[in-house]
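K.L.:
This one is structure.cif, mmCIF, C-alpha atoms (C1' of nucleotides).
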```
data_coords
loop_
_atom_site.label_atom_id
_atom_site.label_comp_id
_atom_site.auth_asym_id
_atom_site.auth_seq_id
_atom_site.Cartn_x
_atom_site.Cartn_y
_atom_site.Cartn_z
CA MET A 1 -22.85 -21.90 -26.96
CA LYS A 2 -23.34 -24.14 -23.96
CA THR A 3 -22.08 -22.76 -20.69
CA SER A 4 -19.74 -25.67 -20.12
CA ALA A 5 -18.15 -25.36 -23.55
CA ARG A 6 -17.69 -21.63 -23.14
CA THR A 7 -16.22 -22.04 -19.67
CA GLU A 8 -13.87 -24.67 -21.06
CA LYS A 9 -12.63 -22.28 -23.75
CA ILE A 10 -12.12 -19.48 -21.28
CA ARG A 11 -10.17 -21.80 -19.00
CA LYS A 12 -7.97 -22.99 -21.83
CA ILE A 13 -7.15 -19.49 -23.05
CA LEU A 14 -6.20 -18.32 -19.57
CA ARG A 15 -4.22 -21.49 -18.88
CA THR A 16 -2.21 -20.91 -22.03
CA ARG A 17 -1.65 -17.25 -21.30
CA TYR A 18 -0.67 -17.64 -17.66
CA THR A 19 1.59 -20.61 -17.01
CA ASP A 20 3.04 -21.35 -13.61
CA VAL A 21 0.83 -19.01 -11.61
CA LYS A 22 1.29 -18.51 -7.90
CA THR A 23 0.56 -15.99 -5.20
CA GLN A 24 2.72 -12.90 -5.30
CA LEU A 25 2.85 -12.83 -1.52
CA GLU A 26 6.23 -13.71 -0.06
CA TYR A 27 6.30 -16.20 2.83
CA ASN A 28 8.36 -19.04 4.27
CA ASN A 29 5.71 -21.11 6.04
CA PRO A 30 1.92 -21.40 6.41
CA PHE A 31 1.80 -19.03 9.34
CA GLU A 32 3.62 -16.30 7.45
CA LEU A 33 1.28 -16.79 4.52
CA LEU A 34 -1.71 -16.45 6.84
CA VAL A 35 -0.36 -13.19 8.25
CA ALA A 36 0.52 -11.89 4.78
CA THR A 37 -2.94 -12.74 3.47
CA ILE A 38 -4.66 -10.97 6.35
CA LEU A 39 -2.51 -7.95 5.53
CA SER A 40 -3.45 -8.14 1.86
CA ALA A 41 -7.04 -7.01 2.44
CA GLN A 42 -7.63 -3.87 0.38
CA CYS A 43 -3.93 -3.70 -0.32
CA THR A 44 -1.63 -4.83 -3.10
CA ASP A 45 0.63 -7.85 -2.65
CA LYS A 46 3.59 -5.66 -3.45
CA GLN A 47 2.77 -3.34 -0.57
CA VAL A 48 2.35 -6.35 1.75
CA ASN A 49 5.73 -7.78 0.76
CA LYS A 50 7.30 -4.46 1.61
CA VAL A 51 6.25 -4.74 5.25
CA THR A 52 6.46 -8.51 5.78
CA ASP A 53 10.13 -8.56 4.83
CA ASN A 54 10.89 -6.53 7.94
CA LEU A 55 7.96 -7.81 10.01
CA PHE A 56 9.01 -11.46 9.91
CA ARG A 57 12.51 -10.50 10.89
CA LYS A 58 11.20 -8.96 14.10
CA LEU A 59 8.39 -11.43 14.82
CA LYS A 60 8.59 -15.02 13.67
CA THR A 61 6.36 -17.45 15.52
CA PRO A 62 2.68 -17.32 16.51
CA HIS A 63 3.98 -16.98 20.06
CA ASP A 64 5.97 -13.87 19.06
CA PHE A 65 2.86 -12.26 17.58
CA ALA A 66 0.72 -13.39 20.51
CA THR A 67 2.92 -11.73 23.12
CA ALA A 68 4.22 -8.62 21.35
CA PRO A 69 2.66 -5.28 22.33
CA VAL A 70 -0.05 -4.69 19.75
CA GLU A 71 1.33 -1.18 19.15
CA ILE A 72 4.52 -2.75 17.84
CA ILE A 73 2.58 -4.83 15.34
CA GLU A 74 0.56 -1.77 14.33
CA LYS A 75 3.69 0.18 13.64
CA LEU A 76 5.26 -2.60 11.58
CA ILE A 77 2.23 -3.07 9.31
CA LYS A 78 0.93 0.49 9.18
CA SER A 79 1.46 1.10 5.46
CA THR A 80 -0.88 -1.75 4.50
CA GLY A 81 -3.91 0.21 5.73
CA TYR A 82 -6.57 -0.86 8.27
CA PHE A 83 -3.58 -1.30 10.54
CA ARG A 84 -5.43 -1.26 13.86
CA ASN A 85 -7.89 -3.95 12.82
CA LYS A 86 -5.23 -6.01 11.13
CA ALA A 87 -2.81 -5.81 14.07
CA LYS A 88 -5.52 -6.82 16.52
CA ASN A 89 -6.69 -9.64 14.26
CA ILE A 90 -3.20 -10.96 13.66
CA GLN A 91 -2.48 -10.93 17.37
CA ASN A 92 -5.74 -12.65 18.36
CA CYS A 93 -5.31 -15.03 15.48
CA SER A 94 -1.85 -15.92 16.75
CA ARG A 95 -3.14 -16.41 20.28
CA SER A 96 -5.83 -18.76 19.05
CA ILE A 97 -3.29 -20.74 17.04
CA VAL A 98 -1.07 -21.06 20.11
CA GLU A 99 -3.91 -21.94 22.48
CA ASN A 100 -6.12 -24.10 20.27
CA TYR A 101 -3.94 -25.53 17.52
CA GLU A 102 -0.57 -26.21 19.17
CA GLY A 103 1.01 -23.34 17.33
CA ARG A 104 0.15 -24.67 13.88
CA VAL A 105 -2.10 -23.15 11.24
CA PRO A 106 -5.23 -25.32 10.91
CA LYS A 107 -5.64 -27.09 7.58
CA ASN A 108 -9.37 -26.85 7.07
CA LEU A 109 -11.81 -24.11 6.14
CA GLU A 110 -13.96 -24.44 9.24
CA ASP A 111 -11.16 -23.92 11.74
CA LEU A 112 -9.41 -21.28 9.65
CA THR A 113 -12.52 -19.12 9.37
CA LYS A 114 -12.97 -19.27 13.13
CA LEU A 115 -9.75 -17.29 13.46
CA PRO A 116 -10.29 -13.56 13.89
CA GLY A 117 -9.70 -11.63 10.69
CA VAL A 118 -9.86 -14.79 8.57
CA GLY A 119 -12.78 -15.09 6.17
CA ARG A 120 -13.34 -17.56 3.35
CA LYS A 121 -11.13 -15.71 0.92
CA THR A 122 -8.12 -15.66 3.26
CA ALA A 123 -8.75 -19.25 4.34
CA ASN A 124 -8.90 -20.50 0.77
CA VAL A 125 -5.70 -18.70 -0.15
CA VAL A 126 -3.88 -20.39 2.73
CA LEU A 127 -5.39 -23.81 2.07
CA GLY A 128 -4.46 -23.62 -1.60
CA ALA A 129 -1.01 -22.10 -1.48
CA ALA A 130 0.32 -23.55 1.77
CA PHE A 131 -1.38 -26.95 1.88
CA GLY A 132 -2.37 -27.70 -1.71
CA ILE A 133 -6.04 -28.08 -0.79
CA PRO A 134 -8.42 -26.99 -3.59
CA GLY A 135 -10.57 -23.94 -3.01
CA ILE A 136 -12.22 -21.12 -4.91
CA VAL A 137 -10.73 -17.80 -3.85
CA VAL A 138 -13.27 -15.04 -4.41
CA ASP A 139 -11.48 -11.75 -4.18
CA THR A 140 -12.27 -8.49 -5.90
CA HIS A 141 -10.81 -9.70 -9.22
CA VAL A 142 -12.55 -13.05 -9.24
CA SER A 143 -15.80 -11.43 -8.25
CA ARG A 144 -15.58 -8.78 -10.97
CA ILE A 145 -14.52 -11.12 -13.75
CA ALA A 146 -17.00 -13.86 -12.84
CA GLN A 147 -19.70 -11.30 -13.44
CA ARG A 148 -18.24 -9.76 -16.58
CA LEU A 149 -17.74 -13.20 -18.14
CA ASN A 150 -21.15 -14.23 -16.88
CA LEU A 151 -19.76 -17.19 -14.95
CA SER A 152 -22.04 -16.20 -12.08
CA ASP A 153 -25.15 -14.07 -11.76
CA ASN A 154 -24.56 -13.49 -8.08
CA LYS A 155 -22.89 -10.63 -6.29
CA ASP A 156 -22.49 -12.36 -2.95
CA PRO A 157 -18.92 -13.76 -2.77
CA VAL A 158 -20.07 -17.01 -1.17
CA LYS A 159 -22.60 -17.61 -3.93
CA ILE A 160 -19.97 -16.83 -6.55
CA GLU A 161 -17.69 -19.32 -4.82
CA PHE A 162 -20.28 -22.07 -5.09
CA ASP A 163 -21.21 -21.14 -8.65
CA LEU A 164 -17.58 -21.49 -9.72
CA MET A 165 -17.18 -24.74 -7.83
CA LYS A 166 -19.95 -26.18 -10.00
CA ILE A 167 -18.43 -25.23 -13.36
CA ILE A 168 -14.70 -25.67 -12.69
CA PRO A 169 -13.05 -29.06 -12.02
CA GLU A 170 -11.93 -29.28 -8.40
CA LYS A 171 -8.27 -29.80 -9.21
CA GLU A 172 -8.30 -26.56 -11.17
CA TRP A 173 -9.92 -24.38 -8.53
CA ASN A 174 -6.78 -22.74 -7.23
CA ASP A 175 -5.10 -22.21 -10.57
CA PHE A 176 -8.29 -20.96 -12.16
CA CYS A 177 -8.68 -18.26 -9.52
CA LEU A 178 -5.04 -17.30 -9.91
CA HIS A 179 -5.59 -17.09 -13.67
CA LEU A 180 -8.51 -14.74 -13.12
CA ILE A 181 -6.43 -12.66 -10.72
CA TYR A 182 -3.53 -12.34 -13.18
CA PHE A 183 -6.02 -11.62 -15.94
CA GLY A 184 -7.79 -9.06 -13.75
CA ARG A 185 -4.59 -7.21 -12.99
CA GLU A 186 -3.36 -7.19 -16.57
CA ILE A 187 -6.42 -6.97 -18.84
CA CYS A 188 -9.80 -7.13 -17.17
CA ARG A 189 -8.99 -4.35 -14.75
CA ALA A 190 -11.60 -2.74 -12.53
CA ARG A 191 -11.06 0.60 -14.20
CA LYS A 192 -10.47 0.87 -17.92
CA PRO A 193 -10.35 -2.81 -18.82
CA LEU A 194 -8.28 -3.44 -21.94
CA CYS A 195 -11.04 -5.05 -23.98
CA ASN A 196 -9.13 -4.40 -27.21
CA ASP A 197 -6.25 -6.55 -25.98
CA CYS A 198 -8.45 -9.16 -24.33
CA PRO A 199 -7.89 -12.82 -25.34
CA VAL A 200 -11.41 -13.85 -24.36
CA THR A 201 -13.32 -10.89 -25.75
CA LYS A 202 -15.18 -13.09 -28.23
CA LEU A 203 -16.52 -15.13 -25.35
CA CYS A 204 -17.55 -12.08 -23.38
CA ASP A 205 -20.59 -9.81 -23.58
CA TYR A 206 -19.18 -7.19 -21.27
CA LYS A 207 -18.16 -4.05 -23.04
CA ASP A 208 -16.34 -1.26 -21.31
CA LYS A 209 -18.73 1.64 -21.11
CA THR A 210 -15.97 4.16 -20.57
CA MET A 211 -14.44 3.51 -23.97
"C1'" DC B 1 -25.48 -1.68 5.91
"C1'" DT B 2 -21.00 0.76 8.01
"C1'" DC B 3 -16.46 0.96 9.56
"C1'" DC B 4 -11.68 0.20 9.20
"C1'" DC B 5 -7.40 3.14 6.42
"C1'" DG B 6 -2.60 3.89 3.66
"C1'" DA B 7 -0.62 3.86 -1.01
"C1'" DT B 8 -1.12 4.25 -5.74
"C1'" DA B 9 -3.17 5.03 -10.48
"C1'" DT B 10 -5.92 7.91 -13.20
"C1'" DA C 1 -10.28 14.52 -6.34
"C1'" DT C 2 -11.67 9.83 -6.72
"C1'" DA C 3 -11.49 4.90 -7.39
"C1'" DT C 4 -9.23 0.84 -6.23
"C1'" DC C 5 -6.16 -2.49 -4.07
"C1'" DA C 6 -5.93 -11.03 -3.59
"C1'" DG C 7 -11.66 -8.36 2.93
"C1'" DG C 8 -13.62 -9.08 7.40
"C1'" DA C 9 -16.26 -7.87 11.53
"C1'" DG C 10 -20.05 -5.71 13.96
#
```
The structure in this file should be written as C-alpha cells.
P.N.:
Amino acid sequence: MKTSARTEKIRKILRTRYTDVKTQLEYNNPFELLVATILSAQCTDKQVNKVTDNLFRKLKTPHDFATAPVEIIEKLIKSTGYFRNKAKNIQNCSRSIVENYEGRVPKNLEDLTKLPGVGRKTANVVLGAAFGIPGIVVDTHVSRIAQRLNLSDNKDPVKIEFDLMKIIPEKEWNDFCLHLIYFGREICRARKPLCNDCPVTKLCDYKDKTM
DNA sequence: CTCCCGATAT
DNA sequence: ATATCAGGAG
C-alpha cells in the first residue's frame, strides 16, 4: 500500500476513535499553559495539574514568577520532578517574558524556543493549544508511535517532526499529535502495548516482543 | 553523551 | 527493582 494511503487510513481510524481531543493540562491563559508544559517534562499531566492548581493561586503573572524567591517555586512544583531545573527555567522564562515581550507569551516558534526550558515540543504545545497555530508535537508518545507505525525512520525528534509535517495536512498537525498521544496512553503504550485491542494493527508491522 | 528527579505502574 | 511519564540544557 502506498504510504499516503496508509497514513490516511491511520488518521481516519484515530480521528474516529478520539473525537474532541485536547491537552489534559489545566490552564487559564497562555502563560499558565507555558508553565504547565514546562512542568510536564518527564511527568504525567495529572501530576502537573495537581501542583498547578495551588501554584497559580500563589503566583499568577510572569512578574510574580520573575520576582518570587526561586526556593518558593521549587517547593510548589517539587512533586513534578526535576524541580530545581524547572523552577530556575520557569523563573528565567518569566523574566525574559517580562523584559523582552511586555509580559506576554510570544506567539512564534523562534521566540518561544529562545526561552529557557522551552524546546520545540513545549513551544509547539503552546502554539497549538493557546494560539491555534499548527505544529507537530513530538513527545515520547509521538516519537514511539511514529516509529512503530513506520511513519518515520528517524529517531531524532526534529527529524520526526519534519517527517510528519510532510505526510500530515497542516491543519491536522495538532489534532493528529493529540490522537497519537491518546492512542499511546491507551493502546500503543511504551510497555506492554495492547496490540490485540489495537484498531490499526492491520496497518502496523510492529509486534510486541514481550507477548 | 550526561544530568536533572519525584511519582507511579508493573 | 526497574521502566516510564506530553523534555531540555550543557
K.L.:
Rounded to one decimal, what separation in Å do you get between CA of Pro193 (chain A) and CA of Lys207 (chain A)?
P.N.:
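Spanning CA of Pro193 (chain A) to CA of Lys207 (chain A) is a straight-line distance of 9.0 Å.
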K.L.:
Quick check, in Å to one decimal: how far apart do C1' of DC4 (chain B) and CA of Phe31 (chain A) lie?
P.N.:
23.5 Å
K.L.:
If we count all atoms listed in the file and set the cut-off at 7 Å, which residues sit around region 172-188 of chain A, ignoring sequence neighbours fewer than 6 positions away in its own chain? Please answer as a ChimeraX atom specification.
P.N.:
/A:14-15,18,21-22,128,134-137,141-142,194,198
K.L.:
Would you save the residues of that selection, restricted to C-alpha atoms, as a compact mmCIF listing (two decimals), in the coordinates of the input?
P.N.:
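Printed below is again.txt as written:
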```txt
# COMPACT_ATOMS: atom_id res chain seq x y z
CA LEU A 14 -6.20 -18.32 -19.57
CA ARG A 15 -4.22 -21.49 -18.88
CA TYR A 18 -0.67 -17.64 -17.66
CA VAL A 21 0.83 -19.01 -11.61
CA LYS A 22 1.29 -18.51 -7.90
CA GLY A 128 -4.46 -23.62 -1.60
CA PRO A 134 -8.42 -26.99 -3.59
CA GLY A 135 -10.57 -23.94 -3.01
CA ILE A 136 -12.22 -21.12 -4.91
CA VAL A 137 -10.73 -17.80 -3.85
CA HIS A 141 -10.81 -9.70 -9.22
CA VAL A 142 -12.55 -13.05 -9.24
CA LEU A 194 -8.28 -3.44 -21.94
CA CYS A 198 -8.45 -9.16 -24.33
```
K.L.:
For chain B against chain A, which residues fall within 10 Å using only C-alpha atoms (C1' of nucleotides), given as a PyMOL selection string?
P.N.:
chain B and resi 4-10
K.L.:
Using the chain letters and numbers from the file, which residues does the PyMOL selection byres ((chain C) within 9 of (chain A)) grab, as a list in words?
P.N.:
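Given this file, the PyMOL selection byres ((chain C) within 9 of (chain A)) evaluates to DA3, DT4, DC5, DA6, DG7, DG8 and DA9 of chain C.
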K.L.:
Please, what distance in Å, to one decimal, runs between CA of His63 (chain A) and CA of Ala123 (chain A)?
P.N.:
20.4 Å
K.L.:
Compile the contact shell of Leu115 (chain A) as a PDB file with C-alpha atoms, keeping the file's coordinate frame: residues with an atom at most 8 Å away, counting only C-alpha atoms (C1' of nucleotides), same-chain residues fewer than 2 positions apart removed.
P.N.:
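Output file around_6.pdb follows:
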```pdb
ATOM      1  CA  ASN A  92      -5.740 -12.650  18.360  1.00  0.00           C
ATOM      2  CA  CYS A  93      -5.310 -15.030  15.480  1.00  0.00           C
ATOM      3  CA  SER A  96      -5.830 -18.760  19.050  1.00  0.00           C
ATOM      4  CA  ASP A 111     -11.160 -23.920  11.740  1.00  0.00           C
ATOM      5  CA  LEU A 112      -9.410 -21.280   9.650  1.00  0.00           C
ATOM      6  CA  THR A 113     -12.520 -19.120   9.370  1.00  0.00           C
ATOM      7  CA  GLY A 117      -9.700 -11.630  10.690  1.00  0.00           C
ATOM      8  CA  VAL A 118      -9.860 -14.790   8.570  1.00  0.00           C
TER       9      VAL A 118
END
```
K.L.:
List the spatial neighbours of Ile160 (chain A) as JSON, numbers by chain - criterion: any atom at most 10 Å away, only C-alpha atoms (C1' of nucleotides), same-chain residues fewer than 2 positions off excluded.
P.N.:
{"A": [136, 137, 138, 142, 143, 146, 147, 151, 152, 153, 154, 155, 156, 157, 158, 162, 163, 164, 165, 166]}
K.L.:
Which residues are near Arg104 (chain A)? Cut-off 10 Å, all atoms listed in the file, ignore same chain within fewer than 6 positions. Put them as a list in words.
P.N.:
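What passes the distance filter is Pro30, Phe31, Thr61, Pro62, Ser94, Ser96, Ile97 and Val98 of chain A.
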K.L.:
Could you tell me which residues the PyMOL selection byres ((chain B and resi 2) around 9) returns for this structure, as a VMD selection string?
P.N.:
(chain B and resid 1 3) or (chain C and resid 10)
